[in-house]
>>> print(open('data16.cif').read())   # mmCIF, N, CA and C atoms
data_entry
#
loop_
_atom_site.label_atom_id
_atom_site.label_comp_id
_atom_site.auth_asym_id
_atom_site.auth_seq_id
_atom_site.Cartn_x
_atom_site.Cartn_y
_atom_site.Cartn_z
N MET A 5 0.85 -1.19 0.00
CA MET A 5 0.00 0.00 0.00
C MET A 5 0.89 1.24 0.00
N PRO A 6 0.50 2.27 -0.77
CA PRO A 6 1.29 3.51 -0.77
C PRO A 6 1.23 4.20 0.59
N THR A 7 2.11 5.14 0.78
CA THR A 7 2.18 5.92 2.01
C THR A 7 0.87 6.67 2.22
N PRO A 8 0.20 6.48 3.38
CA PRO A 8 -1.03 7.24 3.64
C PRO A 8 -0.76 8.74 3.67
N ARG A 9 -1.62 9.46 2.98
CA ARG A 9 -1.54 10.92 2.89
C ARG A 9 -2.49 11.50 3.94
N VAL A 10 -1.96 12.37 4.81
CA VAL A 10 -2.70 12.86 5.97
C VAL A 10 -2.98 14.36 5.84
N LEU A 11 -4.22 14.74 6.09
CA LEU A 11 -4.63 16.13 6.18
C LEU A 11 -4.92 16.44 7.64
N LEU A 12 -4.31 17.49 8.17
CA LEU A 12 -4.50 17.91 9.55
C LEU A 12 -5.45 19.10 9.59
N VAL A 13 -6.44 19.05 10.49
CA VAL A 13 -7.42 20.13 10.58
C VAL A 13 -7.66 20.46 12.05
N ASP A 14 -7.36 21.69 12.43
CA ASP A 14 -7.55 22.16 13.81
C ASP A 14 -7.54 23.69 13.75
N ASP A 15 -8.30 24.33 14.63
CA ASP A 15 -8.33 25.79 14.61
C ASP A 15 -7.15 26.41 15.36
N SER A 16 -6.25 25.59 15.88
CA SER A 16 -5.05 26.09 16.56
C SER A 16 -3.82 25.89 15.66
N PRO A 17 -3.25 26.98 15.13
CA PRO A 17 -2.04 26.83 14.32
C PRO A 17 -0.92 26.14 15.09
N GLY A 18 -0.81 26.40 16.39
CA GLY A 18 0.22 25.75 17.20
C GLY A 18 0.04 24.25 17.25
N PHE A 19 -1.21 23.80 17.38
CA PHE A 19 -1.46 22.36 17.40
C PHE A 19 -1.15 21.75 16.03
N LEU A 20 -1.54 22.44 14.97
CA LEU A 20 -1.24 21.93 13.62
C LEU A 20 0.26 21.76 13.42
N GLU A 21 1.02 22.75 13.87
CA GLU A 21 2.48 22.68 13.73
C GLU A 21 3.05 21.52 14.54
N SER A 22 2.58 21.37 15.77
CA SER A 22 3.06 20.27 16.63
C SER A 22 2.70 18.92 16.04
N ALA A 23 1.47 18.78 15.56
CA ALA A 23 1.03 17.51 14.98
C ALA A 23 1.82 17.17 13.73
N ALA A 24 2.05 18.16 12.88
CA ALA A 24 2.84 17.93 11.66
C ALA A 24 4.26 17.51 12.02
N HIS A 25 4.85 18.15 13.00
CA HIS A 25 6.19 17.80 13.44
C HIS A 25 6.22 16.37 13.99
N PHE A 26 5.25 16.03 14.82
CA PHE A 26 5.15 14.69 15.40
C PHE A 26 5.04 13.63 14.30
N LEU A 27 4.16 13.86 13.33
CA LEU A 27 3.95 12.87 12.26
C LEU A 27 5.10 12.82 11.26
N SER A 28 5.86 13.91 11.14
CA SER A 28 6.97 13.92 10.18
C SER A 28 8.07 12.94 10.56
N ALA A 29 8.10 12.52 11.81
CA ALA A 29 9.09 11.53 12.24
C ALA A 29 8.74 10.13 11.77
N GLU A 30 7.55 9.95 11.26
CA GLU A 30 7.09 8.64 10.79
C GLU A 30 7.22 8.58 9.27
N ASN A 31 8.19 7.82 8.78
CA ASN A 31 8.44 7.78 7.33
C ASN A 31 7.36 7.02 6.56
N TRP A 32 6.45 6.38 7.25
CA TRP A 32 5.37 5.66 6.58
C TRP A 32 4.10 6.51 6.44
N LEU A 33 4.17 7.79 6.87
CA LEU A 33 3.06 8.72 6.72
C LEU A 33 3.54 9.97 6.00
N GLN A 34 2.63 10.64 5.29
CA GLN A 34 2.96 11.89 4.62
C GLN A 34 1.89 12.93 4.92
N VAL A 35 2.25 14.00 5.61
CA VAL A 35 1.33 15.10 5.84
C VAL A 35 1.29 15.93 4.57
N VAL A 36 0.08 16.05 3.99
CA VAL A 36 -0.04 16.73 2.70
C VAL A 36 -0.67 18.12 2.80
N GLY A 37 -1.22 18.44 3.98
CA GLY A 37 -1.83 19.76 4.11
C GLY A 37 -2.48 19.94 5.46
N SER A 38 -3.02 21.15 5.64
CA SER A 38 -3.69 21.47 6.89
C SER A 38 -4.78 22.50 6.65
N GLY A 39 -5.69 22.61 7.61
CA GLY A 39 -6.76 23.59 7.54
C GLY A 39 -7.16 24.00 8.94
N LEU A 40 -7.82 25.16 9.03
CA LEU A 40 -8.18 25.74 10.33
C LEU A 40 -9.66 25.62 10.67
N SER A 41 -10.47 24.96 9.83
CA SER A 41 -11.90 24.82 10.09
C SER A 41 -12.45 23.61 9.35
N GLY A 42 -13.67 23.25 9.71
CA GLY A 42 -14.33 22.15 9.01
C GLY A 42 -14.54 22.47 7.54
N ARG A 43 -14.87 23.71 7.26
CA ARG A 43 -15.05 24.12 5.85
C ARG A 43 -13.73 23.98 5.09
N ALA A 44 -12.64 24.38 5.73
CA ALA A 44 -11.32 24.21 5.10
C ALA A 44 -10.99 22.74 4.90
N ALA A 45 -11.44 21.89 5.82
CA ALA A 45 -11.21 20.45 5.68
C ALA A 45 -11.85 19.93 4.39
N LEU A 46 -13.08 20.37 4.12
CA LEU A 46 -13.76 19.92 2.91
C LEU A 46 -13.05 20.43 1.67
N GLU A 47 -12.64 21.69 1.67
CA GLU A 47 -11.92 22.25 0.52
C GLU A 47 -10.58 21.56 0.31
N GLN A 48 -9.84 21.37 1.38
CA GLN A 48 -8.52 20.71 1.27
C GLN A 48 -8.67 19.25 0.84
N ALA A 49 -9.71 18.57 1.34
CA ALA A 49 -9.92 17.18 0.95
C ALA A 49 -10.20 17.07 -0.55
N ASP A 50 -10.94 18.04 -1.09
CA ASP A 50 -11.18 18.06 -2.54
C ASP A 50 -9.88 18.24 -3.30
N ALA A 51 -9.06 19.16 -2.84
CA ALA A 51 -7.83 19.50 -3.57
C ALA A 51 -6.73 18.46 -3.39
N LEU A 52 -6.62 17.88 -2.20
CA LEU A 52 -5.46 17.04 -1.88
C LEU A 52 -5.73 15.53 -1.90
N ARG A 53 -6.99 15.15 -1.84
CA ARG A 53 -7.38 13.73 -1.84
C ARG A 53 -6.60 12.91 -0.78
N PRO A 54 -6.67 13.32 0.50
CA PRO A 54 -5.94 12.58 1.54
C PRO A 54 -6.57 11.21 1.79
N ASP A 55 -5.77 10.32 2.35
CA ASP A 55 -6.27 9.01 2.78
C ASP A 55 -6.85 9.09 4.19
N LEU A 56 -6.34 10.05 4.96
CA LEU A 56 -6.73 10.22 6.36
C LEU A 56 -6.86 11.70 6.68
N VAL A 57 -7.94 12.05 7.37
CA VAL A 57 -8.11 13.40 7.89
C VAL A 57 -8.10 13.30 9.41
N LEU A 58 -7.16 13.97 10.02
CA LEU A 58 -7.06 14.06 11.47
C LEU A 58 -7.69 15.39 11.83
N MET A 59 -8.89 15.36 12.48
CA MET A 59 -9.70 16.56 12.59
C MET A 59 -10.13 16.83 14.02
N ASP A 60 -9.95 18.08 14.41
CA ASP A 60 -10.43 18.55 15.70
C ASP A 60 -11.96 18.60 15.69
N TRP A 61 -12.53 18.41 16.85
CA TRP A 61 -13.99 18.45 16.99
C TRP A 61 -14.51 19.88 16.95
N ALA A 62 -13.98 20.73 17.84
CA ALA A 62 -14.51 22.08 18.03
C ALA A 62 -13.73 23.09 17.21
N MET A 63 -14.38 23.61 16.16
CA MET A 63 -13.75 24.59 15.28
C MET A 63 -14.80 25.59 14.80
N PRO A 64 -14.34 26.77 14.36
CA PRO A 64 -15.28 27.76 13.81
C PRO A 64 -15.78 27.36 12.42
N GLU A 65 -16.80 28.05 11.97
CA GLU A 65 -17.41 27.86 10.65
C GLU A 65 -18.18 26.55 10.55
N MET A 66 -17.50 25.44 10.77
CA MET A 66 -18.12 24.11 10.74
C MET A 66 -17.29 23.22 11.64
N ASP A 67 -17.93 22.57 12.61
CA ASP A 67 -17.15 21.74 13.53
C ASP A 67 -16.74 20.43 12.85
N GLY A 68 -15.85 19.73 13.51
CA GLY A 68 -15.31 18.50 12.96
C GLY A 68 -16.34 17.41 12.76
N LEU A 69 -17.34 17.38 13.62
CA LEU A 69 -18.40 16.37 13.50
C LEU A 69 -19.19 16.57 12.21
N GLU A 70 -19.58 17.81 11.94
CA GLU A 70 -20.32 18.11 10.71
C GLU A 70 -19.44 17.88 9.48
N ALA A 71 -18.19 18.29 9.55
CA ALA A 71 -17.27 18.08 8.42
C ALA A 71 -17.08 16.58 8.16
N THR A 72 -17.03 15.79 9.23
CA THR A 72 -16.90 14.33 9.07
C THR A 72 -18.11 13.77 8.33
N ARG A 73 -19.30 14.21 8.71
CA ARG A 73 -20.51 13.75 8.02
C ARG A 73 -20.44 14.06 6.53
N HIS A 74 -20.01 15.27 6.19
CA HIS A 74 -19.90 15.66 4.78
C HIS A 74 -18.85 14.81 4.05
N LEU A 75 -17.69 14.62 4.67
CA LEU A 75 -16.65 13.81 4.04
C LEU A 75 -17.10 12.38 3.82
N LYS A 76 -17.75 11.81 4.81
CA LYS A 76 -18.15 10.40 4.73
C LYS A 76 -19.31 10.17 3.76
N ALA A 77 -20.01 11.24 3.36
CA ALA A 77 -21.10 11.11 2.39
C ALA A 77 -20.58 11.08 0.96
N ARG A 78 -19.30 11.33 0.77
CA ARG A 78 -18.70 11.38 -0.56
C ARG A 78 -18.33 9.98 -1.05
N LEU A 79 -18.18 9.88 -2.37
CA LEU A 79 -17.66 8.64 -2.94
C LEU A 79 -16.21 8.49 -2.54
N ASP A 80 -15.81 7.32 -2.16
CA ASP A 80 -14.44 7.02 -1.77
C ASP A 80 -13.90 8.02 -0.75
N PRO A 81 -14.56 8.12 0.41
CA PRO A 81 -14.15 9.11 1.40
C PRO A 81 -12.84 8.73 2.10
N PRO A 82 -12.14 9.72 2.63
CA PRO A 82 -10.94 9.42 3.42
C PRO A 82 -11.37 8.85 4.77
N ARG A 83 -10.44 8.21 5.43
CA ARG A 83 -10.68 7.83 6.81
C ARG A 83 -10.57 9.11 7.64
N VAL A 84 -11.31 9.15 8.74
CA VAL A 84 -11.33 10.33 9.59
C VAL A 84 -11.12 9.90 11.04
N ILE A 85 -10.18 10.58 11.70
CA ILE A 85 -10.01 10.45 13.14
C ILE A 85 -10.37 11.79 13.75
N LEU A 86 -11.38 11.79 14.62
CA LEU A 86 -11.76 13.01 15.33
C LEU A 86 -10.98 13.09 16.63
N ILE A 87 -10.44 14.27 16.90
CA ILE A 87 -9.71 14.49 18.15
C ILE A 87 -10.41 15.59 18.93
N THR A 88 -10.35 15.48 20.25
CA THR A 88 -11.08 16.43 21.09
C THR A 88 -10.47 16.52 22.48
N LEU A 89 -10.77 17.60 23.14
CA LEU A 89 -10.40 17.75 24.54
C LEU A 89 -11.35 16.97 25.44
N HIS A 90 -12.52 16.64 24.93
CA HIS A 90 -13.58 16.03 25.72
C HIS A 90 -13.70 14.53 25.43
N ALA A 91 -13.00 13.73 26.17
CA ALA A 91 -12.98 12.28 25.93
C ALA A 91 -14.09 11.60 26.72
N SER A 92 -15.32 11.82 26.32
CA SER A 92 -16.44 11.20 27.01
C SER A 92 -17.10 10.15 26.11
N PRO A 93 -17.79 9.19 26.70
CA PRO A 93 -18.50 8.19 25.89
C PRO A 93 -19.53 8.82 24.95
N GLU A 94 -20.14 9.93 25.38
CA GLU A 94 -21.12 10.60 24.52
C GLU A 94 -20.46 11.17 23.26
N TYR A 95 -19.29 11.76 23.44
CA TYR A 95 -18.56 12.30 22.28
C TYR A 95 -18.13 11.16 21.35
N GLN A 96 -17.66 10.08 21.93
CA GLN A 96 -17.22 8.95 21.11
C GLN A 96 -18.40 8.38 20.32
N ALA A 97 -19.55 8.24 20.96
CA ALA A 97 -20.73 7.73 20.26
C ALA A 97 -21.15 8.66 19.12
N ALA A 98 -21.10 9.96 19.36
CA ALA A 98 -21.44 10.92 18.31
C ALA A 98 -20.46 10.84 17.15
N ALA A 99 -19.19 10.66 17.45
CA ALA A 99 -18.17 10.52 16.40
C ALA A 99 -18.44 9.29 15.55
N GLU A 100 -18.75 8.18 16.20
CA GLU A 100 -19.05 6.95 15.46
C GLU A 100 -20.29 7.12 14.60
N GLU A 101 -21.32 7.78 15.16
CA GLU A 101 -22.56 8.01 14.41
C GLU A 101 -22.31 8.88 13.18
N ALA A 102 -21.38 9.81 13.27
CA ALA A 102 -21.04 10.68 12.13
C ALA A 102 -20.20 9.95 11.08
N GLY A 103 -19.70 8.78 11.43
CA GLY A 103 -18.92 7.99 10.47
C GLY A 103 -17.42 8.03 10.69
N ALA A 104 -16.98 8.65 11.78
CA ALA A 104 -15.53 8.70 12.04
C ALA A 104 -14.97 7.29 12.19
N ASP A 105 -13.76 7.12 11.70
CA ASP A 105 -13.08 5.82 11.79
C ASP A 105 -12.31 5.68 13.08
N GLY A 106 -12.13 6.79 13.80
CA GLY A 106 -11.43 6.76 15.07
C GLY A 106 -11.75 7.99 15.87
N PHE A 107 -11.45 7.92 17.15
CA PHE A 107 -11.75 8.99 18.10
C PHE A 107 -10.61 9.02 19.10
N LEU A 108 -10.08 10.20 19.39
CA LEU A 108 -8.92 10.29 20.27
C LEU A 108 -8.97 11.58 21.08
N ALA A 109 -8.70 11.46 22.36
CA ALA A 109 -8.57 12.63 23.21
C ALA A 109 -7.22 13.27 22.95
N LYS A 110 -7.17 14.60 22.94
CA LYS A 110 -5.89 15.28 22.71
C LYS A 110 -4.87 14.90 23.78
N ALA A 111 -5.33 14.58 24.98
CA ALA A 111 -4.41 14.18 26.05
C ALA A 111 -3.70 12.87 25.72
N GLU A 112 -4.26 12.07 24.81
CA GLU A 112 -3.67 10.78 24.42
C GLU A 112 -2.99 10.84 23.06
N PHE A 113 -2.85 12.04 22.52
CA PHE A 113 -2.31 12.20 21.16
C PHE A 113 -0.95 11.52 20.99
N GLY A 114 -0.03 11.80 21.90
CA GLY A 114 1.34 11.26 21.77
C GLY A 114 1.44 9.77 21.89
N THR A 115 0.55 9.15 22.64
CA THR A 115 0.63 7.70 22.84
C THR A 115 -0.39 6.92 22.04
N GLY A 116 -1.52 7.53 21.73
CA GLY A 116 -2.60 6.79 21.09
C GLY A 116 -2.76 6.97 19.60
N LEU A 117 -2.21 8.05 19.05
CA LEU A 117 -2.45 8.33 17.64
C LEU A 117 -1.83 7.31 16.69
N LEU A 118 -0.56 7.03 16.85
CA LEU A 118 0.09 6.12 15.89
C LEU A 118 -0.50 4.71 15.93
N PRO A 119 -0.79 4.13 17.09
CA PRO A 119 -1.46 2.83 17.07
C PRO A 119 -2.83 2.88 16.38
N LEU A 120 -3.54 3.97 16.56
CA LEU A 120 -4.84 4.12 15.91
C LEU A 120 -4.67 4.18 14.39
N ILE A 121 -3.71 4.95 13.92
CA ILE A 121 -3.46 5.04 12.47
C ILE A 121 -2.98 3.70 11.93
N ARG A 122 -2.11 3.03 12.65
CA ARG A 122 -1.64 1.70 12.20
C ARG A 122 -2.80 0.72 12.05
N GLY A 123 -3.79 0.82 12.94
CA GLY A 123 -4.97 -0.02 12.83
C GLY A 123 -5.78 0.26 11.58
N LEU A 124 -5.77 1.50 11.12
CA LEU A 124 -6.51 1.87 9.91
C LEU A 124 -5.73 1.57 8.64
N PHE A 125 -4.39 1.57 8.73
CA PHE A 125 -3.52 1.34 7.56
C PHE A 125 -2.45 0.31 7.93
N PRO A 126 -2.84 -0.92 8.24
CA PRO A 126 -1.85 -1.90 8.75
C PRO A 126 -0.72 -2.23 7.76
N ALA A 127 -0.98 -2.26 6.49
CA ALA A 127 0.06 -2.62 5.53
C ALA A 127 1.10 -1.51 5.36
N SER A 128 0.72 -0.28 5.65
CA SER A 128 1.62 0.85 5.43
C SER A 128 2.69 0.97 6.50
N SER A 129 2.41 0.54 7.70
CA SER A 129 3.33 0.77 8.81
C SER A 129 4.34 -0.35 9.00
N ASP A 130 4.34 -1.34 8.12
CA ASP A 130 5.30 -2.46 8.23
C ASP A 130 6.69 -2.05 7.86
#
>>> encode(input="data16.cif", output="structure tokens")
Amino acid sequence: MPTPRVLLVDDSPGFLESAAHFLSAENWLQVVGSGLSGRAALEQADALRPDLVLMDWAMPEMDGLEATRHLKARLDPPRVILITLHASPEYQAAAEEAGADGFLAKAEFGTGLLPLIRGLFPASSD
């Protein structure tokens, strides 16, 4: 399988920079772009055709949950991992209902993200 192409979406430029730096250490992943809102996620997904969108839940213009619903309604949608400060069962259930392929608390980003991505793209991380 080719290297998974990742789109990062969060309304915090600092978080986007940190996430891109973190993922750049993984030679089996390629960060192809970023956006600051759910609306930007949809535009960037059209332009970049990522395999994975790592998306914050709470953002201006359109939140990550709504953007996930839009992405998942498309033909051949990317996988989506929703990330949030609020790691509650209710948030996780809402993410699953929206079609997200994964859900992660920002507090678990450093330890939980790569295993989650490997589960979605097992052939790529070998």
>>> resolve_selection(input="data16.cif", expression="the PyMOL selection byres ((chain A and resi 59-69) around 8)", output="ChimeraX atom specification")
/A:11-16,40-44,56-58,70-75,84-89,98-99,102-103
>>> closest_residue(input="data16.cif", among="A:Gly18, A:Asn31, A:Gly123, A:Ala77", to="A:Asp105", atoms="only C-alpha atoms")
A:Gly123
>>> closest_residue(input="data16.cif", among="A:Glu101, A:Gln96, A:Glu30, A:Ala49", to="A:Pro82", atoms="only N, CA and C atoms")
A:Ala49
>>> atom_distance(input="data16.cif", atom1="atom C of A:Arg78", atom2="atom N of A:Asp50")
10.9 Å
>>> atom_distance(input="data16.cif", atom1="atom C of A:Thr7", atom2="atom C of A:Ala91")
29.1 Å
>>> closest_residue(input="data16.cif", among="A:Gly39, A:Pro17, A:Pro81, A:Pro8", to="A:Ser128", atoms="all atoms listed in the file")
A:Pro8
>>> residues_around(input="data16.cif", residues="A:Leu27", least_positions_apart="2", cutoff="12 Å", atoms="only C-alpha atoms", output="MDAnalysis selection string")
chainID A and resid 8:12 20:25 29:36 58 113:114 117:118 121
>>> write_last_selection(input="data16.cif", atoms="N, CA and C atoms", output="compact mmCIF listing (two decimals), in the coordinates of the input")
# COMPACT_ATOMS: atom_id res chain seq x y z
N PRO A 8 0.20 6.48 3.38
CA PRO A 8 -1.03 7.24 3.64
C PRO A 8 -0.76 8.74 3.67
N ARG A 9 -1.62 9.46 2.98
CA ARG A 9 -1.54 10.92 2.89
C ARG A 9 -2.49 11.50 3.94
N VAL A 10 -1.96 12.37 4.81
CA VAL A 10 -2.70 12.86 5.97
C VAL A 10 -2.98 14.36 5.84
N LEU A 11 -4.22 14.74 6.09
CA LEU A 11 -4.63 16.13 6.18
C LEU A 11 -4.92 16.44 7.64
N LEU A 12 -4.31 17.49 8.17
CA LEU A 12 -4.50 17.91 9.55
C LEU A 12 -5.45 19.10 9.59
N LEU A 20 -1.54 22.44 14.97
CA LEU A 20 -1.24 21.93 13.62
C LEU A 20 0.26 21.76 13.42
N GLU A 21 1.02 22.75 13.87
CA GLU A 21 2.48 22.68 13.73
C GLU A 21 3.05 21.52 14.54
N SER A 22 2.58 21.37 15.77
CA SER A 22 3.06 20.27 16.63
C SER A 22 2.70 18.92 16.04
N ALA A 23 1.47 18.78 15.56
CA ALA A 23 1.03 17.51 14.98
C ALA A 23 1.82 17.17 13.73
N ALA A 24 2.05 18.16 12.88
CA ALA A 24 2.84 17.93 11.66
C ALA A 24 4.26 17.51 12.02
N HIS A 25 4.85 18.15 13.00
CA HIS A 25 6.19 17.80 13.44
C HIS A 25 6.22 16.37 13.99
N ALA A 29 8.10 12.52 11.81
CA ALA A 29 9.09 11.53 12.24
C ALA A 29 8.74 10.13 11.77
N GLU A 30 7.55 9.95 11.26
CA GLU A 30 7.09 8.64 10.79
C GLU A 30 7.22 8.58 9.27
N ASN A 31 8.19 7.82 8.78
CA ASN A 31 8.44 7.78 7.33
C ASN A 31 7.36 7.02 6.56
N TRP A 32 6.45 6.38 7.25
CA TRP A 32 5.37 5.66 6.58
C TRP A 32 4.10 6.51 6.44
N LEU A 33 4.17 7.79 6.87
CA LEU A 33 3.06 8.72 6.72
C LEU A 33 3.54 9.97 6.00
N GLN A 34 2.63 10.64 5.29
CA GLN A 34 2.96 11.89 4.62
C GLN A 34 1.89 12.93 4.92
N VAL A 35 2.25 14.00 5.61
CA VAL A 35 1.33 15.10 5.84
C VAL A 35 1.29 15.93 4.57
N VAL A 36 0.08 16.05 3.99
CA VAL A 36 -0.04 16.73 2.70
C VAL A 36 -0.67 18.12 2.80
N LEU A 58 -7.16 13.97 10.02
CA LEU A 58 -7.06 14.06 11.47
C LEU A 58 -7.69 15.39 11.83
N PHE A 113 -2.85 12.04 22.52
CA PHE A 113 -2.31 12.20 21.16
C PHE A 113 -0.95 11.52 20.99
N GLY A 114 -0.03 11.80 21.90
CA GLY A 114 1.34 11.26 21.77
C GLY A 114 1.44 9.77 21.89
N LEU A 117 -2.21 8.05 19.05
CA LEU A 117 -2.45 8.33 17.64
C LEU A 117 -1.83 7.31 16.69
N LEU A 118 -0.56 7.03 16.85
CA LEU A 118 0.09 6.12 15.89
C LEU A 118 -0.50 4.71 15.93
N ILE A 121 -3.71 4.95 13.92
CA ILE A 121 -3.46 5.04 12.47
C ILE A 121 -2.98 3.70 11.93
>>> select_by_dssp(input="data16.cif", residues="chain A", states="helix (DSSP H, G or I)", output="JSON, numbers by chain")
{"A": [17, 18, 19, 20, 21, 22, 23, 24, 25, 26, 27, 28, 42, 43, 44, 45, 46, 47, 48, 49, 50, 51, 52, 68, 69, 70, 71, 72, 73, 74, 75, 76, 93, 94, 95, 96, 97, 98, 99, 100, 101, 102, 110, 111, 112, 113, 114, 115, 116, 117, 118, 119, 120, 121, 122, 123, 124]}
>>> atom_distance(input="data16.cif", atom1="atom C of A:Pro6", atom2="atom C of A:Arg122")
12.6 Å
>>> select_by_dssp(input="data16.cif", residues="chain A", states="strand (DSSP E or B)", output="list in words")
Arg9, Val10, Leu11, Leu12, Val13, Gln34, Val35, Val36, Gly37, Ser38, Gly39, Leu56, Val57, Leu58, Met59, Asp60, Arg83, Val84, Ile85, Leu86, Ile87, Thr88, Gly106, Phe107, Leu108 and Ala109 of chain A
>>> closest_residue(input="data16.cif", among="A:Pro54, A:His90, A:Glu100, A:Arg83", to="A:Glu112", atoms="only C-alpha atoms")
A:His90
